[in-house]
file run.txt (compact mmCIF, C-alpha atoms and all ligand atoms)
# COMPACT_ATOMS: atom_id res chain seq x y z
CA MET A 1208 -56.57 41.23 -13.90
CA MET A 1209 -54.79 38.00 -13.03
CA THR A 1210 -53.08 37.89 -16.46
CA ASP A 1211 -51.19 41.05 -15.49
CA LEU A 1212 -49.04 38.97 -13.16
CA PHE A 1213 -47.06 38.04 -16.27
CA ARG A 1214 -47.63 40.94 -18.63
CA LYS A 1215 -47.67 41.10 -22.39
CA GLY A 1216 -44.93 43.06 -24.11
CA HIS A 1217 -42.11 40.74 -23.01
CA ASN A 1218 -39.39 39.60 -25.41
CA ALA A 1219 -40.41 35.99 -26.07
CA CYS A 1220 -40.33 34.52 -29.57
CA ALA A 1221 -43.72 33.99 -31.22
CA GLY A 1222 -45.33 30.80 -29.94
CA CYS A 1223 -43.04 30.68 -26.88
CA PRO A 1224 -43.97 27.84 -24.51
CA ALA A 1225 -42.10 29.38 -21.58
CA ALA A 1226 -44.38 32.43 -21.75
CA ILE A 1227 -47.48 30.20 -22.00
CA ALA A 1228 -46.33 28.13 -19.02
CA ILE A 1229 -45.58 31.13 -16.82
CA ARG A 1230 -48.79 32.93 -17.75
CA ASN A 1231 -50.81 29.89 -16.69
CA ILE A 1232 -48.76 29.32 -13.54
CA MET A 1233 -49.33 32.92 -12.48
CA GLN A 1234 -53.03 32.85 -13.31
CA ALA A 1235 -53.36 29.83 -11.05
CA ALA A 1236 -51.10 31.14 -8.28
CA GLY A 1237 -52.46 34.69 -8.01
CA PRO A 1238 -50.85 37.84 -6.64
CA ASN A 1239 -49.86 36.51 -3.20
CA THR A 1240 -46.77 34.92 -4.72
CA ILE A 1241 -42.99 35.35 -4.82
CA VAL A 1242 -41.11 33.74 -7.68
CA SER A 1243 -37.48 32.76 -8.11
CA ILE A 1244 -36.45 32.15 -11.71
CA ALA A 1245 -33.22 30.62 -12.91
CA THR A 1246 -31.27 32.10 -15.79
CA SER A 1247 -33.05 30.69 -18.84
CA CYS A 1248 -35.39 31.85 -21.59
CA SER A 1249 -37.98 32.63 -18.91
CA GLU A 1250 -35.67 35.20 -17.38
CA ILE A 1251 -34.24 36.57 -20.64
CA ILE A 1252 -37.72 37.29 -21.99
CA SER A 1253 -39.17 38.86 -18.86
CA THR A 1254 -36.56 40.81 -16.89
CA GLN A 1255 -34.49 42.94 -19.24
CA TYR A 1256 -33.57 46.03 -17.24
CA PRO A 1257 -35.26 48.49 -16.90
CA ARG A 1258 -38.38 46.57 -17.90
CA THR A 1259 -40.15 43.63 -16.28
CA ALA A 1260 -43.08 41.47 -17.29
CA TRP A 1261 -43.71 40.42 -13.70
CA GLY A 1262 -46.62 41.68 -11.61
CA VAL A 1263 -45.27 39.96 -8.47
CA ASN A 1264 -41.90 40.00 -6.73
CA CYS A 1265 -39.56 37.94 -8.85
CA VAL A 1266 -35.94 37.14 -7.99
CA HIS A 1267 -33.65 36.39 -10.90
CA CYS A 1268 -31.20 33.70 -9.76
CA ALA A 1269 -28.17 32.10 -11.33
CA PHE A 1270 -28.56 29.18 -13.74
CA GLU A 1271 -28.17 26.63 -10.94
CA ASN A 1272 -29.84 27.94 -7.81
CA ALA A 1273 -33.56 28.76 -8.24
CA ALA A 1274 -34.40 26.06 -5.68
CA ALA A 1275 -31.81 27.28 -3.16
CA VAL A 1276 -33.04 30.88 -3.47
CA ALA A 1277 -36.68 29.78 -3.13
CA SER A 1278 -35.69 27.81 -0.01
CA GLY A 1279 -34.19 30.97 1.50
CA ILE A 1280 -37.22 33.08 0.60
CA GLU A 1281 -39.48 30.52 2.26
CA LYS A 1282 -37.45 30.59 5.48
CA ALA A 1283 -37.36 34.40 5.47
CA MET A 1284 -41.13 34.59 5.02
CA LYS A 1285 -41.59 32.10 7.86
CA VAL A 1286 -39.53 34.30 10.18
CA ARG A 1287 -41.71 37.25 9.17
CA GLY A 1288 -44.87 35.28 9.90
CA ARG A 1289 -45.88 35.24 6.22
CA GLU A 1290 -46.42 31.55 5.64
CA ASP A 1291 -49.49 32.43 3.57
CA ILE A 1292 -47.32 33.52 0.61
CA ASN A 1293 -46.89 31.12 -2.32
CA ILE A 1294 -43.21 30.56 -3.09
CA ILE A 1295 -42.58 29.26 -6.61
CA ALA A 1296 -39.26 28.41 -8.25
CA ILE A 1297 -39.23 28.28 -12.05
CA ALA A 1298 -36.39 26.92 -14.16
CA GLY A 1299 -35.72 25.30 -17.50
CA ASP A 1300 -34.72 21.70 -18.09
CA GLY A 1301 -31.01 22.55 -18.04
CA GLY A 1302 -31.39 24.53 -14.83
CA THR A 1303 -33.32 21.64 -13.30
CA SER A 1304 -32.10 18.29 -14.58
CA ASP A 1305 -28.46 19.29 -15.06
CA ILE A 1306 -26.82 22.13 -13.15
CA GLY A 1307 -29.66 22.79 -10.66
CA LEU A 1308 -30.39 19.19 -9.70
CA GLN A 1309 -28.35 19.41 -6.51
CA ALA A 1310 -30.14 22.56 -5.34
CA LEU A 1311 -33.50 21.02 -6.22
CA SER A 1312 -32.71 17.79 -4.39
CA GLY A 1313 -31.67 19.76 -1.31
CA MET A 1314 -34.88 21.78 -1.38
CA LEU A 1315 -36.99 18.62 -1.67
CA GLU A 1316 -35.03 16.73 1.00
CA ARG A 1317 -35.16 19.60 3.51
CA GLY A 1318 -38.93 19.80 3.09
CA HIS A 1319 -39.33 23.45 2.10
CA ASN A 1320 -42.86 24.64 1.45
CA VAL A 1321 -42.08 25.57 -2.17
CA LEU A 1322 -43.53 24.68 -5.56
CA TYR A 1323 -40.80 24.06 -8.12
CA VAL A 1324 -41.84 24.15 -11.78
CA CYS A 1325 -39.53 23.00 -14.56
CA TYR A 1326 -40.63 24.03 -18.05
CA ASP A 1327 -38.94 21.60 -20.36
CA ASN A 1328 -38.03 22.76 -23.87
CA GLU A 1329 -35.58 19.87 -24.02
CA CYS A 1330 -32.40 21.90 -24.55
CA TYR A 1331 -30.45 24.95 -23.41
CA ALA A 1332 -32.52 27.23 -25.61
CA ASN A 1333 -31.45 30.76 -24.65
CA THR A 1334 -27.75 30.04 -25.09
CA GLY A 1335 -28.04 28.50 -28.55
CA ILE A 1336 -29.95 25.18 -28.37
CA GLN A 1337 -27.35 22.98 -26.72
CA ARG A 1338 -28.23 19.48 -25.55
CA SER A 1339 -29.40 18.90 -21.97
CA SER A 1340 -30.09 15.64 -20.12
CA ALA A 1341 -33.77 16.25 -20.99
CA THR A 1342 -33.09 16.26 -24.75
CA PRO A 1343 -34.83 13.25 -26.30
CA TYR A 1344 -33.15 10.41 -28.15
CA GLY A 1345 -32.34 11.24 -31.77
CA ALA A 1346 -32.92 15.00 -31.52
CA TRP A 1347 -30.74 17.51 -33.32
CA THR A 1348 -29.22 20.20 -31.14
CA THR A 1349 -26.16 22.35 -31.83
CA THR A 1350 -24.08 20.05 -29.59
CA SER A 1351 -25.67 16.81 -30.85
CA PRO A 1352 -25.57 17.30 -34.60
CA PRO A 1353 -26.67 14.29 -36.65
CA GLY A 1354 -24.37 13.11 -39.40
CA ARG A 1355 -22.80 10.06 -40.97
CA LEU A 1356 -21.60 8.78 -37.61
CA SER A 1357 -24.23 10.28 -35.31
CA ILE A 1358 -27.95 9.94 -34.87
CA GLY A 1359 -28.13 13.26 -33.03
CA ASN A 1360 -28.65 13.07 -29.28
CA GLU A 1361 -27.73 9.57 -28.18
CA THR A 1362 -29.49 9.34 -24.82
CA PHE A 1363 -33.09 9.12 -23.62
CA LYS A 1364 -34.55 11.79 -21.33
CA LYS A 1365 -33.64 11.82 -17.66
CA PRO A 1366 -36.77 10.83 -15.65
CA LEU A 1367 -36.97 14.09 -13.77
CA ALA A 1368 -40.44 13.79 -12.22
CA GLU A 1369 -39.60 10.31 -10.98
CA ILE A 1370 -36.34 11.57 -9.46
CA ALA A 1371 -38.33 14.27 -7.65
CA ALA A 1372 -40.89 11.67 -6.50
CA ALA A 1373 -38.08 9.47 -5.13
CA HIS A 1374 -37.61 12.17 -2.46
CA LYS A 1375 -41.03 11.10 -1.14
CA ILE A 1376 -42.47 14.58 -1.39
CA PRO A 1377 -46.26 15.01 -1.16
CA TYR A 1378 -46.96 16.09 -4.75
CA VAL A 1379 -45.35 15.57 -8.14
CA ALA A 1380 -47.02 16.08 -11.51
CA THR A 1381 -46.27 16.26 -15.19
CA ALA A 1382 -48.13 18.83 -17.29
CA SER A 1383 -48.04 20.45 -20.72
CA VAL A 1384 -48.50 23.95 -22.09
CA ALA A 1385 -50.93 22.34 -24.55
CA TYR A 1386 -53.28 21.49 -21.65
CA PRO A 1387 -53.56 24.79 -19.75
CA ASP A 1388 -56.58 23.81 -17.63
CA ASP A 1389 -54.76 20.71 -16.44
CA LEU A 1390 -51.63 22.78 -15.75
CA GLN A 1391 -53.56 25.40 -13.76
CA ARG A 1392 -55.41 22.73 -11.78
CA LYS A 1393 -52.09 21.12 -10.86
CA VAL A 1394 -50.52 24.43 -9.81
CA LYS A 1395 -53.54 25.20 -7.61
CA LYS A 1396 -53.51 21.74 -6.08
CA ALA A 1397 -49.76 21.89 -5.44
CA LEU A 1398 -50.05 25.26 -3.75
CA SER A 1399 -52.78 23.93 -1.47
CA ILE A 1400 -50.40 21.26 -0.12
CA ARG A 1401 -47.73 22.01 2.51
CA GLY A 1402 -44.19 20.88 1.78
CA PRO A 1403 -42.14 20.59 -1.40
CA LYS A 1404 -43.98 20.12 -4.71
CA PHE A 1405 -42.64 19.54 -8.20
CA ILE A 1406 -44.35 20.02 -11.59
CA HIS A 1407 -42.61 19.09 -14.85
CA VAL A 1408 -44.17 20.94 -17.79
CA GLN A 1409 -43.48 19.94 -21.36
CA ALA A 1410 -42.79 23.11 -23.37
CA PRO A 1411 -42.51 22.62 -27.15
CA CYS A 1412 -40.20 25.36 -28.45
CA PRO A 1413 -40.66 26.39 -32.10
CA ILE A 1414 -37.10 27.69 -32.38
CA ALA A 1415 -35.28 24.67 -30.95
CA TRP A 1416 -37.64 21.96 -32.13
CA ARG A 1417 -37.93 23.46 -35.61
CA PHE A 1418 -41.65 23.89 -36.20
CA ASP A 1419 -43.84 26.85 -37.15
CA SER A 1420 -44.65 29.18 -34.26
CA SER A 1421 -48.37 28.58 -34.77
CA MET A 1422 -47.91 24.90 -33.80
CA THR A 1423 -46.78 25.03 -30.14
CA VAL A 1424 -50.08 23.71 -28.82
CA SER A 1425 -50.64 21.13 -31.57
CA VAL A 1426 -47.13 19.70 -31.07
CA GLY A 1427 -47.77 19.53 -27.30
CA ARG A 1428 -51.03 17.69 -27.92
CA LEU A 1429 -49.34 15.23 -30.27
CA ALA A 1430 -46.78 14.48 -27.55
CA VAL A 1431 -49.55 13.42 -25.18
CA GLU A 1432 -51.64 11.64 -27.84
CA THR A 1433 -48.67 9.53 -28.96
CA GLY A 1434 -47.45 8.74 -25.43
CA MET A 1435 -44.20 10.67 -25.87
CA TRP A 1436 -45.28 12.75 -22.86
CA VAL A 1437 -47.49 11.16 -20.20
CA LEU A 1438 -49.63 13.41 -18.00
CA TYR A 1439 -49.75 12.10 -14.44
CA GLU A 1440 -49.77 13.04 -10.78
CA ILE A 1441 -47.99 11.31 -7.90
CA GLU A 1442 -49.73 12.18 -4.65
CA ASN A 1443 -48.06 10.85 -1.53
CA GLY A 1444 -46.30 8.27 -3.68
CA ILE A 1445 -49.41 7.00 -5.52
CA LEU A 1446 -49.44 7.49 -9.30
CA LYS A 1447 -52.53 8.52 -11.23
CA ILE A 1448 -52.50 8.92 -15.02
CA ASN A 1449 -54.53 11.95 -16.11
CA GLN A 1450 -54.73 11.39 -19.84
CA ARG A 1451 -54.28 8.25 -21.92
CA PRO A 1452 -52.50 8.23 -25.31
CA THR A 1453 -54.93 7.88 -28.21
CA GLY A 1454 -52.93 5.20 -30.03
CA LYS A 1455 -51.27 7.57 -32.51
CA LYS A 1456 -47.75 6.45 -33.41
CA VAL A 1457 -44.72 8.49 -32.33
CA GLU A 1458 -43.89 9.12 -35.98
CA GLU A 1459 -46.79 11.59 -36.13
CA TYR A 1460 -45.14 13.61 -33.38
CA LEU A 1461 -41.60 13.31 -34.74
CA LYS A 1462 -42.36 14.18 -38.35
CA VAL A 1463 -43.71 17.68 -37.61
CA GLN A 1464 -40.40 18.72 -36.00
CA GLY A 1465 -37.28 19.62 -37.96
CA ARG A 1466 -35.02 18.41 -35.11
CA PHE A 1467 -36.01 14.80 -35.95
CA LYS A 1468 -36.10 15.06 -39.74
CA HIS A 1469 -32.90 13.00 -40.21
CA LEU A 1470 -34.29 9.94 -38.37
CA LYS A 1471 -34.55 6.67 -40.28
CA PRO A 1472 -37.41 4.14 -39.87
CA LYS A 1473 -35.27 1.96 -37.54
CA ASP A 1474 -34.58 4.97 -35.29
CA ILE A 1475 -38.29 5.79 -35.11
CA GLU A 1476 -38.98 2.14 -34.29
CA LYS A 1477 -36.51 2.33 -31.40
CA ILE A 1478 -38.30 5.40 -30.02
CA GLN A 1479 -41.71 3.74 -30.43
CA LYS A 1480 -40.46 0.68 -28.55
CA ARG A 1481 -39.22 2.80 -25.67
CA VAL A 1482 -42.51 4.75 -25.52
CA ASP A 1483 -44.50 1.47 -25.49
CA GLU A 1484 -42.33 0.11 -22.65
CA ASP A 1485 -42.65 3.30 -20.62
CA TRP A 1486 -46.43 3.39 -21.12
CA LYS A 1487 -46.72 -0.23 -19.97
CA ASN A 1488 -44.68 0.59 -16.86
CA TYR A 1489 -46.80 3.63 -16.00
CA GLN A 1490 -49.99 1.58 -16.33
CA GLU A 1491 -48.61 -1.18 -14.13
CA TRP A 1492 -47.42 1.31 -11.56
CA GLU A 1493 -50.87 2.94 -11.48
CA LYS A 1494 -52.69 -0.37 -11.27
CA ALA A 1495 -50.49 -1.70 -8.48
CA GLU A 1496 -51.10 1.41 -6.36
CA VAL A 1497 -47.57 0.89 -5.12
CA LYS A 1498 -46.00 3.79 -3.29
CA LEU A 1499 -42.76 4.96 -4.83
C1 LIG A 1501 -22.61 28.24 -14.29
C2 LIG A 1501 -23.21 28.70 -15.58
N1 LIG A 1501 -22.95 28.01 -16.70
C3 LIG A 1501 -23.49 28.40 -17.86
C4 LIG A 1501 -24.30 29.48 -17.91
C5 LIG A 1501 -24.89 29.92 -19.24
N2 LIG A 1501 -26.27 29.56 -19.30
C6 LIG A 1501 -27.24 30.39 -18.87
S1 LIG A 1501 -28.77 29.76 -19.06
C7 LIG A 1501 -28.14 28.37 -19.79
C8 LIG A 1501 -29.00 27.29 -20.33
C9 LIG A 1501 -30.39 27.28 -19.77
O1 LIG A 1501 -31.09 26.17 -20.24
P1 LIG A 1501 -32.46 25.82 -19.59
O2 LIG A 1501 -32.35 25.79 -18.13
O3 LIG A 1501 -32.96 24.59 -20.24
O4 LIG A 1501 -33.37 27.08 -19.97
P2 LIG A 1501 -33.82 27.58 -21.43
O5 LIG A 1501 -32.79 28.55 -21.91
O6 LIG A 1501 -33.92 26.38 -22.31
O7 LIG A 1501 -35.14 28.23 -21.21
C10 LIG A 1501 -26.74 28.41 -19.83
C11 LIG A 1501 -25.88 27.34 -20.41
C12 LIG A 1501 -24.56 30.19 -16.71
N3 LIG A 1501 -25.37 31.24 -16.67
N4 LIG A 1501 -24.01 29.77 -15.57
S1 LIG A 1502 -36.14 29.93 -27.75
FE1 LIG A 1502 -38.07 28.81 -27.34
S2 LIG A 1502 -38.39 28.84 -25.11
FE2 LIG A 1502 -36.81 30.39 -25.64
S3 LIG A 1502 -37.92 32.35 -25.85
FE3 LIG A 1502 -37.80 31.44 -27.92
S4 LIG A 1502 -39.66 30.16 -28.14
FE4 LIG A 1502 -39.41 30.66 -25.94
MG MG A 1503 -34.39 24.41 -21.73

call {"tool": "encode", "arguments": {"input": "run.txt", "output": "structure tokens"}}
result
Amino acid sequence: MMTDLFRKGHNACAGCPAAIAIRNIMQAAGPNTIVSIATSCSEIISTQYPRTAWGVNCVHCAFENAAAVASGIEKAMKVRGREDINIIAIAGDGGTSDIGLQALSGMLERGHNVLYVCYDNECYANTGIQRSSATPYGAWTTTSPPGRLSIGNETFKKPLAEIAAAHKIPYVATASVAYPDDLQRKVKKALSIRGPKFIHVQAPCPIAWRFDSSMTVSVGRLAVETGMWVLYEIENGILKINQRPTGKKVEEYLKVQGRFKHLKPKDIEKIQKRVDEDWKNYQEWEKAEVKL
């Protein structure tokens, strides 16, 4: 069975979005696949010696070099005449938008035939929920504690998918573990295209975001419905939005997560304003059919 490519019995927390993401990626990719995974929850939960959850060859890399290792695997397979094999790099938001950004940029710029997937739980989860550059504005983490003088994390998320798209690669997409059909379709499409591909998957983490483990999917849906996470594809530089927000306010998304419970109405207003601006920009970008 395809699901055996990422087997049950791994060590993930209940409701783990990394496990949901990988399970769907592997269902879409199939057995003719080699994976490189960066040190992150995805590796901690799936490769504890002497056990493995993987039903394909999977190389555990350092925190920073999943893209560099995938690039090397791709070249090695080319030399062996095995260009039919899917090469996928998987890393967290820290391993992608912080310490691995250089390796990712190099992989995209050199044009490797690799799909890179970042599952974004918006912090360094496996090492104790530290802030990353993907942590949203106002969020509690252990290194951005809110208090009398602090709102929590003081920066907005780094626009990772747009940074990837700026390399003028053939395919970039955002996705969510709450929309598995959309995620699988995007993985399949990416793997059908030659060259570097990048998919940024939102991954609501019950431990770090402070919600009940039964709510991973409902929190992911609220992100999309409120416009906090926009599902889109950029094919050859042209943006297409896949799902429109339903008009729900960001407060509905924020209030179900303990990491935002300290926010005041003016803070929520600031986040809403930013989401409205971003949504307007995405719509204009789509309408203009302007290549990035
Ligand atoms: C050079 C280096 N610095 C720090 C670490 C410790 N470390 C391992 S994984 C990680 C954070 C990973 O965060 P992310 O990529 O977002 O994955 P997550 O744990 O959230 O799934 C850190 C700080 C390391 N392995 N190597
Ligand atoms: S901390 Fe979050 S992402 Fe990491 S294993 Fe637990 S649920 Fe999954
Ligand atoms: Mg993370």

call {"tool": "axis_aligned_box", "arguments": {"input": "run.txt", "around": "segment 1453-1466 of chain A", "padding_each_side": "6 Å", "output": "JSON"}}
result
{"center_x": -45.0, "center_y": 12.4, "center_z": -33.3, "size_x": 31.9, "size_y": 26.4, "size_z": 22.1}

call {"tool": "residues_around", "arguments": {"input": "run.txt", "residues": "segment 1298-1314 of chain A", "least_positions_apart": "6", "cutoff": "10 Å", "atoms": "all atoms listed in the file", "output": "MDAnalysis selection string"}}
result
chainID A and resid 1225 1243:1250 1268:1279 1320:1321 1323:1333 1337:1342 1364:1368 1370:1371 1373:1374 1402:1405 1407:1410

call {"tool": "atom_distance", "arguments": {"input": "run.txt", "atom1": "atom S3 of ligand LIG 1502 (chain A)", "atom2": "atom CA of Ala1296 of chain A"}}
result
18.1 Å

call {"tool": "closest_residue", "arguments": {"input": "run.txt", "among": "A:Asn1231, A:Asn1488, A:Gln1464, A:Thr1433", "to": "Ser1420 of chain A", "atoms": "all atoms listed in the file"}}
result
A:Gln1464

call {"tool": "atom_distance", "arguments": {"input": "run.txt", "atom1": "atom FE3 of ligand LIG 1502 (chain A)", "atom2": "atom CA of Ala1236 of chain A"}}
result
23.7 Å

call {"tool": "atom_distance", "arguments": {"input": "run.txt", "atom1": "atom CA of Lys1396 of chain A", "atom2": "atom CA of Val1437 of chain A"}}
result
18.6 Å

call {"tool": "closest_residue", "arguments": {"input": "run.txt", "among": "A:Asn1293, A:Thr1423, A:Thr1334, A:Gln1234", "to": "ligand LIG 1501 (chain A)", "atoms": "all atoms listed in the file"}}
result
A:Thr1334

call {"tool": "closest_residue", "arguments": {"input": "run.txt", "among": "A:His1217, A:Lys1395, A:Arg1355, A:Lys1455", "to": "ligand LIG 1502 (chain A)", "atoms": "all atoms listed in the file"}}
result
A:His1217

call {"tool": "residues_around", "arguments": {"input": "run.txt", "residues": "Ile1227 of chain A", "least_positions_apart": "6", "cutoff": "9 Å", "atoms": "only C-alpha atoms", "output": "JSON, numbers by chain"}}
result
{"A": [1384, 1385, 1387, 1410]}

call {"tool": "residues_around", "arguments": {"input": "run.txt", "residues": "Ala1260 of chain A", "least_positions_apart": "2", "cutoff": "8 Å", "atoms": "all atoms listed in the file", "output": "list in words"}}
result
Leu1212, Phe1213, Arg1214, Lys1215, Gly1216, His1217, Ser1253, Thr1254, Arg1258 and Gly1262 of chain A

call {"tool": "residues_around", "arguments": {"input": "run.txt", "residues": "Lys1498 of chain A", "least_positions_apart": "4", "cutoff": "9 Å", "atoms": "only C-alpha atoms", "output": "PDB file with C-alpha atoms, in the frame of the given file"}}
result
ATOM      1  CA  ASN A1443     -48.060  10.850  -1.530  1.00  0.00           C
ATOM      2  CA  GLY A1444     -46.300   8.270  -3.680  1.00  0.00           C
ATOM      3  CA  ILE A1445     -49.410   7.000  -5.520  1.00  0.00           C
ATOM      4  CA  LEU A1446     -49.440   7.490  -9.300  1.00  0.00           C
ATOM      5  CA  TRP A1492     -47.420   1.310 -11.560  1.00  0.00           C
TER       6      TRP A1492
END

call {"tool": "residues_around", "arguments": {"input": "run.txt", "residues": "Ala1430 of chain A", "least_positions_apart": "2", "cutoff": "9 Å", "atoms": "all atoms listed in the file", "output": "PyMOL selection string"}}
result
chain A and resi 1409+1425-1428+1432-1437+1452+1457+1460-1461

call {"tool": "closest_residue", "arguments": {"input": "run.txt", "among": "A:Val1394, A:Ala1415, A:Ala1380, A:Ala1235", "to": "ligand LIG 1502 (chain A)", "atoms": "all atoms listed in the file"}}
result
A:Ala1415

call {"tool": "closest_residue", "arguments": {"input": "run.txt", "among": "A:Ile1280, A:Ala1495, A:Met1422, A:Val1379", "to": "ligand LIG 1502 (chain A)", "atoms": "all atoms listed in the file"}}
result
A:Met1422

call {"tool": "build_atoms", "arguments": {"input": "run.txt", "residues": "segment 1285-1296 of chain A", "atoms": "N, CA and C atoms", "output": "short mmCIF file (atom, residue, chain, number, x, y, z; two decimals), keeping the file's coordinate frame"}}
result
data_model
loop_
_atom_site.label_atom_id
_atom_site.label_comp_id
_atom_site.auth_asym_id
_atom_site.auth_seq_id
_atom_site.Cartn_x
_atom_site.Cartn_y
_atom_site.Cartn_z
N LYS A 1285 -41.16 32.78 6.62
CA LYS A 1285 -41.59 32.10 7.86
C LYS A 1285 -41.22 32.96 9.08
N VAL A 1286 -39.98 33.46 9.08
CA VAL A 1286 -39.53 34.30 10.18
C VAL A 1286 -40.41 35.54 10.31
N ARG A 1287 -40.87 36.05 9.15
CA ARG A 1287 -41.71 37.25 9.17
C ARG A 1287 -43.18 36.93 9.41
N GLY A 1288 -43.48 35.66 9.65
CA GLY A 1288 -44.87 35.28 9.90
C GLY A 1288 -45.73 35.32 8.67
N ARG A 1289 -45.11 35.18 7.47
CA ARG A 1289 -45.88 35.24 6.22
C ARG A 1289 -45.88 33.87 5.52
N GLU A 1290 -46.39 32.90 6.24
CA GLU A 1290 -46.42 31.55 5.64
C GLU A 1290 -47.57 31.40 4.66
N ASP A 1291 -48.37 32.46 4.52
CA ASP A 1291 -49.49 32.43 3.57
C ASP A 1291 -49.02 32.68 2.12
N ILE A 1292 -47.78 33.14 1.95
CA ILE A 1292 -47.32 33.52 0.61
C ILE A 1292 -46.89 32.28 -0.19
N ASN A 1293 -47.34 32.21 -1.44
CA ASN A 1293 -46.89 31.12 -2.32
C ASN A 1293 -45.45 31.39 -2.74
N ILE A 1294 -44.59 30.41 -2.59
CA ILE A 1294 -43.21 30.56 -3.09
C ILE A 1294 -43.06 29.57 -4.25
N ILE A 1295 -42.71 30.12 -5.42
CA ILE A 1295 -42.58 29.26 -6.61
C ILE A 1295 -41.20 29.46 -7.23
N ALA A 1296 -40.52 28.36 -7.49
CA ALA A 1296 -39.26 28.41 -8.25
C ALA A 1296 -39.55 27.94 -9.66
#
